[in-house]
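A short write-up of the structure that comes next.
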Amino acid sequence: MRYFFQRLDTGRDVGTASKTIVYFKGVPIMGLPLMSFPLSNARKSGALPPTIGATSKGGLQVEVPYYFNIAPNRDLTLFPKIISRRGFQLGAEGRYLGETYSGQTRVELLPDDQQTKTNRYSLASIHNQTLTPKLSFGWNLNRASDNEYTSDFAQTITASSQRLLPRDVYVNYSGTYWNTVARMTSYQLLQDPLTPIVRPYDRLPQLNLHAGREDVQGFDWGFDSEFSRFSLPDEELAGRPRGDRLVINPQVSYPIVRPGYFITPKLSLHATSYQLEAPAGSLLPSSTLTRTLPIFSIDSGLMFERDTTFFGQKARQTLEPRLFYVYAPYRDQSQFPNFDSAEATFNYAQLFSENRYSGSDRISDANQLTAALTSRYLDPNGAERLRLSLGQRYYISTPRVTLTGAPNSASQESRSDLLLAASGRVTNALRLDSAVQYSVNQSSLSSSYFGAQWLPAPKKVLNAEYRYVRKSSSVELLKQVKLSGQWPLADRIYAVGRVSYSMPDKKLVDSLLGMEYKEDCWIFRVVAQRITTATAKSNSTIFLQLELNGLSKIGSNPLGALHQNIPGYQEIGVPN
């Protein structure tokens, strides 16, 4: 760095310099007629280093942020950006933090997009505040101008795939053994015409009450209640019902826990009442529906241990058989609406659930037994090195309740798919994770996942994943391989990358490839990323960044993309 005049004011903790030129490898890369800077780590208002990048949808992008240090706990950053193919975009982000509250709001506005000829914008605001030790409230508000906004402007996989923007406001009040929440929730649906999804119901309002206490004369008891008003705009109803739902769910259990075994019988009552509105234009009157279901379950397990070795090291192995029985009588639910129920993801934890549906509109009948076995290898200090599990559900009576409400008379399966899982830190450098779902009835694989991570040293990591999901006996829904890693190619050069490959489509879904170079006082990064933003659409981004240690980062920042795409990634500028 070269400057012609410098003044250091220790009283104000500010330094100033005029005709400042920053040289890199003898080449001037930035020049300012006047600049000021803090003499400590304190924040200071002023222009931040420019961000320069390019995307396939927007072309060349130049952003010059300006930071306002409003107060020690408040700040504001403006993000004026020129997008060569779209025009001038202005963004602003405000943050605040207090003893009892925190939040941030970000707004983006692009007037008269050159490609769409429309005004485009987005809003995201989060706030959480504690009014008293028992009372709190907050919101999470999101809005976009059109269906394509997130796919056109997002530069991360998570943001680009977001199609439901929530608008949620809540108030929470807690007591010693209870808490209640009142909230209003609605959604903006960003629709993809090639793969349309159904807009979920708004809950205007939703009131929840939970109470419970453990070990009351040996009993654990709980009480859950929910009132929700499910609503949709008239233009989006398409014959779907609207109405109110009240759910009351008291439950009591008696855990018997002893060294080497446990038994927990549990009894609950699921009572539901609906007040439904007649569809618009219908001559049918509003209707009231009720349903009451007792549910009994008993959970039990044993624990055996023995001393053994694991890869030559002393270890303790456990053997943990577990039985879980559920009984719930059948109730005809063909006349009941379905506001929020779906078939729960079938996994190891769901084997020990009383209801195979999520939500409260469908309560499955059950007369079933789950049998499972788990074995763990533990270090002498108790740390888990490996876990092996298998489990299966056996139907004494075939469940009849379906999502449509009509009784299920076709399926006569006597058992569920077989689940097998293995995961753990096999060695200090190697981590494994796997899960297999096998259909015994069809003698075929329903789904599988295999993942491995090798981390032999700091800033050295390789990840591999394979995921397979079968939709039906002859249709593959997903068959995908993901590879990612960070690895030194030479003393100061590191390669970073990630590829996601769809085997049925024989094409790359998402990819990232880059290089990092580290010197004693600077780091250079170049990263190219391609992400799928919608069906048959993608966006490519190039990140170029020069990090001058102790001064600034110049260019577009790829660190967020690297952390998100490469599990175990470590910044090369951070000491080990």
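Each chain in the structure tokens gets a letter, A, B and so on, in the order shown; residues start at 1 in every chain, and ligands are counted from 1 in the order they appear.
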
Report task. As a ChimeraX atom specification, please: all residues of region 190-360 of chain A that backbone DSSP puts in strand (DSSP E or B). Result -> /A:202-216,219-231,242-253,256-258,261-277,287-302,304-310,313-328,342-343,357-358

Counting only C-alpha atoms, what is within 12 Å of Gly573 (chain A), bar same-chain residues fewer than 3 positions away, as a PDB file with N, CA and C atoms, in the first residue's frame?
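around.pdb written:
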```
ATOM      1  N   PRO A 458      -6.100 -31.487   9.004  1.00  0.00           N
ATOM      2  CA  PRO A 458      -6.787 -30.212   8.752  1.00  0.00           C
ATOM      3  C   PRO A 458      -6.671 -29.805   7.293  1.00  0.00           C
ATOM      4  N   LYS A 459      -7.781 -29.305   6.750  1.00  0.00           N
ATOM      5  CA  LYS A 459      -7.851 -28.814   5.368  1.00  0.00           C
ATOM      6  C   LYS A 459      -7.647 -29.922   4.343  1.00  0.00           C
ATOM      7  N   ARG A 492       1.054 -24.698  -1.307  1.00  0.00           N
ATOM      8  CA  ARG A 492       0.179 -23.558  -1.069  1.00  0.00           C
ATOM      9  C   ARG A 492      -1.089 -23.574  -1.933  1.00  0.00           C
ATOM     10  N   TYR A 494      -4.689 -25.379  -3.061  1.00  0.00           N
ATOM     11  CA  TYR A 494      -5.732 -26.295  -2.622  1.00  0.00           C
ATOM     12  C   TYR A 494      -6.814 -26.371  -3.694  1.00  0.00           C
ATOM     13  N   GLU A 516      -7.776 -22.611  -4.470  1.00  0.00           N
ATOM     14  CA  GLU A 516      -7.368 -21.597  -3.506  1.00  0.00           C
ATOM     15  C   GLU A 516      -5.832 -21.574  -3.444  1.00  0.00           C
ATOM     16  N   TYR A 517      -5.287 -20.389  -3.423  1.00  0.00           N
ATOM     17  CA  TYR A 517      -3.830 -20.229  -3.327  1.00  0.00           C
ATOM     18  C   TYR A 517      -3.521 -19.337  -2.137  1.00  0.00           C
ATOM     19  N   LYS A 518      -2.623 -19.782  -1.277  1.00  0.00           N
ATOM     20  CA  LYS A 518      -2.328 -19.076  -0.035  1.00  0.00           C
ATOM     21  C   LYS A 518      -0.861 -18.658   0.016  1.00  0.00           C
ATOM     22  N   GLU A 519      -0.668 -17.364   0.199  1.00  0.00           N
ATOM     23  CA  GLU A 519       0.654 -16.814   0.510  1.00  0.00           C
ATOM     24  C   GLU A 519       0.648 -16.343   1.965  1.00  0.00           C
ATOM     25  N   ASP A 520       1.771 -15.826   2.423  1.00  0.00           N
ATOM     26  CA  ASP A 520       1.864 -15.424   3.825  1.00  0.00           C
ATOM     27  C   ASP A 520       0.894 -14.314   4.171  1.00  0.00           C
ATOM     28  N   CYS A 521       0.644 -13.385   3.250  1.00  0.00           N
ATOM     29  CA  CYS A 521      -0.190 -12.232   3.585  1.00  0.00           C
ATOM     30  C   CYS A 521      -1.381 -12.066   2.644  1.00  0.00           C
ATOM     31  N   TRP A 522      -1.633 -13.026   1.753  1.00  0.00           N
ATOM     32  CA  TRP A 522      -2.809 -12.915   0.895  1.00  0.00           C
ATOM     33  C   TRP A 522      -3.247 -14.304   0.441  1.00  0.00           C
ATOM     34  N   ILE A 523      -4.531 -14.378   0.056  1.00  0.00           N
ATOM     35  CA  ILE A 523      -5.150 -15.616  -0.426  1.00  0.00           C
ATOM     36  C   ILE A 523      -5.957 -15.275  -1.671  1.00  0.00           C
ATOM     37  N   PHE A 524      -5.838 -16.105  -2.683  1.00  0.00           N
ATOM     38  CA  PHE A 524      -6.617 -15.918  -3.911  1.00  0.00           C
ATOM     39  C   PHE A 524      -7.506 -17.141  -4.118  1.00  0.00           C
ATOM     40  N   ARG A 525      -8.776 -16.879  -4.464  1.00  0.00           N
ATOM     41  CA  ARG A 525      -9.724 -17.966  -4.699  1.00  0.00           C
ATOM     42  C   ARG A 525     -10.423 -17.740  -6.032  1.00  0.00           C
ATOM     43  N   LEU A 546      -9.792 -11.939  -3.856  1.00  0.00           N
ATOM     44  CA  LEU A 546      -8.442 -11.726  -3.339  1.00  0.00           C
ATOM     45  C   LEU A 546      -8.583 -11.268  -1.900  1.00  0.00           C
ATOM     46  N   GLU A 547      -8.044 -12.048  -0.971  1.00  0.00           N
ATOM     47  CA  GLU A 547      -8.105 -11.722   0.450  1.00  0.00           C
ATOM     48  C   GLU A 547      -6.742 -11.215   0.904  1.00  0.00           C
ATOM     49  N   LEU A 548      -6.709  -9.953   1.290  1.00  0.00           N
ATOM     50  CA  LEU A 548      -5.488  -9.340   1.805  1.00  0.00           C
ATOM     51  C   LEU A 548      -5.545  -9.397   3.321  1.00  0.00           C
ATOM     52  N   ASN A 549      -4.698 -10.205   3.928  1.00  0.00           N
ATOM     53  CA  ASN A 549      -4.752 -10.418   5.366  1.00  0.00           C
ATOM     54  C   ASN A 549      -4.605  -9.104   6.119  1.00  0.00           C
ATOM     55  N   GLY A 550      -5.555  -8.878   7.024  1.00  0.00           N
ATOM     56  CA  GLY A 550      -5.510  -7.677   7.848  1.00  0.00           C
ATOM     57  C   GLY A 550      -6.023  -6.435   7.157  1.00  0.00           C
ATOM     58  N   LYS A 553     -11.155  -8.092   1.789  1.00  0.00           N
ATOM     59  CA  LYS A 553     -11.416  -9.104   0.764  1.00  0.00           C
ATOM     60  C   LYS A 553     -11.972  -8.383  -0.459  1.00  0.00           C
ATOM     61  N   LEU A 559     -16.958 -18.190   0.057  1.00  0.00           N
ATOM     62  CA  LEU A 559     -16.841 -19.008   1.269  1.00  0.00           C
ATOM     63  C   LEU A 559     -18.177 -19.626   1.675  1.00  0.00           C
ATOM     64  N   GLN A 570     -12.581 -26.334   5.526  1.00  0.00           N
ATOM     65  CA  GLN A 570     -11.944 -25.409   6.464  1.00  0.00           C
ATOM     66  C   GLN A 570     -11.261 -24.292   5.678  1.00  0.00           C
ATOM     67  N   ASN A 576      -4.930 -23.900  12.103  1.00  0.00           N
ATOM     68  CA  ASN A 576      -5.467 -25.216  12.463  1.00  0.00           C
ATOM     69  C   ASN A 576      -5.834 -25.269  13.939  1.00  0.00           C
TER      70      ASN A 576
END
```

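Near Asn367 (chain A), within 10 Å and counting only C-alpha atoms, sit Phe296, Ser297, Tyr325, Val326, Tyr327, Ala328, Pro329, Tyr330, Tyr394, Tyr395, Ile396, Ser397, Thr398 and Pro399 of chain A, not including residues fewer than 6 positions from it in the same chain.
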
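Summary of the local environment: counting only C-alpha atoms, residues at most 7 Å from Phe227 (chain A), other than itself and those fewer than 5 positions away along its chain, are A:Gln206, A:Leu207, A:Asn208, A:Arg245, A:Leu246, A:Val247.
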
Query raised in the report: Which residue out of A:Asn347, A:Thr264, A:Asn565, A:Ser174 has the minimum interatomic distance to Val436 (chain A) when only C-alpha atoms are used?
Result: A:Asn347

Excluding Asp505 (chain A) and any residue of its chain fewer than 5 positions from it, enumerate the residues within 12 Å of it, using only C-alpha atoms, and give them as a compact mmCIF listing (two decimals) with C-alpha atoms, in the first residue's frame.
```txt
# COMPACT_ATOMS: atom_id res chain seq x y z
CA GLU A 476 -36.74 -45.13 -9.89
CA LEU A 477 -37.46 -41.76 -8.28
CA LEU A 478 -33.86 -40.89 -7.43
CA LYS A 479 -30.44 -42.41 -8.07
CA GLN A 480 -27.72 -39.89 -7.35
CA VAL A 481 -24.02 -39.75 -6.53
CA SER A 500 -23.90 -34.17 -7.94
```

Query - Selection near region 381-393 of chain A, 6 Å with only C-alpha atoms, sequence-local residues under 6 positions removed, as a ChimeraX atom specification - result: /A:369-375,415-416,418-426

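Shortest separation to Asn140 (chain A) among A:Ala271, A:Gly103, A:Asn119, A:Tyr438 occurs at residue A:Gly103, atoms counted being only C-alpha atoms.
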
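Computed from the coordinates, the CA of Ile70 (chain A) to CA of Glu99 (chain A) distance equals 17.2 Å.
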
Report task. Skip Arg229 (chain A) itself and residues of its chain fewer than 2 positions away, then list as a PyMOL selection string all residues within 12 Å of it, counting only C-alpha atoms. Result -> chain A and resi 182-186+201-207+226-227+231-232+241-247+273-277+339-340

Query raised in the report: Quick one: distance from CA of Arg86 (chain A) to CA of Glu148 (chain A) in Å, one decimal?
Result: 13.8 Å

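Looking only at region 162-376 of chain A, the set that DSSP places in helix (DSSP H, G or I) from backbone geometry is A:Asp234, A:Glu235, A:Glu236, A:Ala349, A:Gln350, A:Leu351, A:Phe352.
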
**Report entry** Separation of CA of Phe352 (chain A) from CA of Arg470 (chain A), in Å and rounded to one decimal
**Finding:** 23.3 Å

**Report entry** Residue among A:Phe137, A:Glu413, A:Ser102, A:Leu190 lying closest to Asn441 (chain A), counting only C-alpha atoms
**Finding:** A:Glu413

Report summary line: Counting only C-alpha atoms, closest pick from A:Asn463, A:Arg95, A:Arg362, A:Ser225 relative to Leu293 (chain A) is A:Arg362
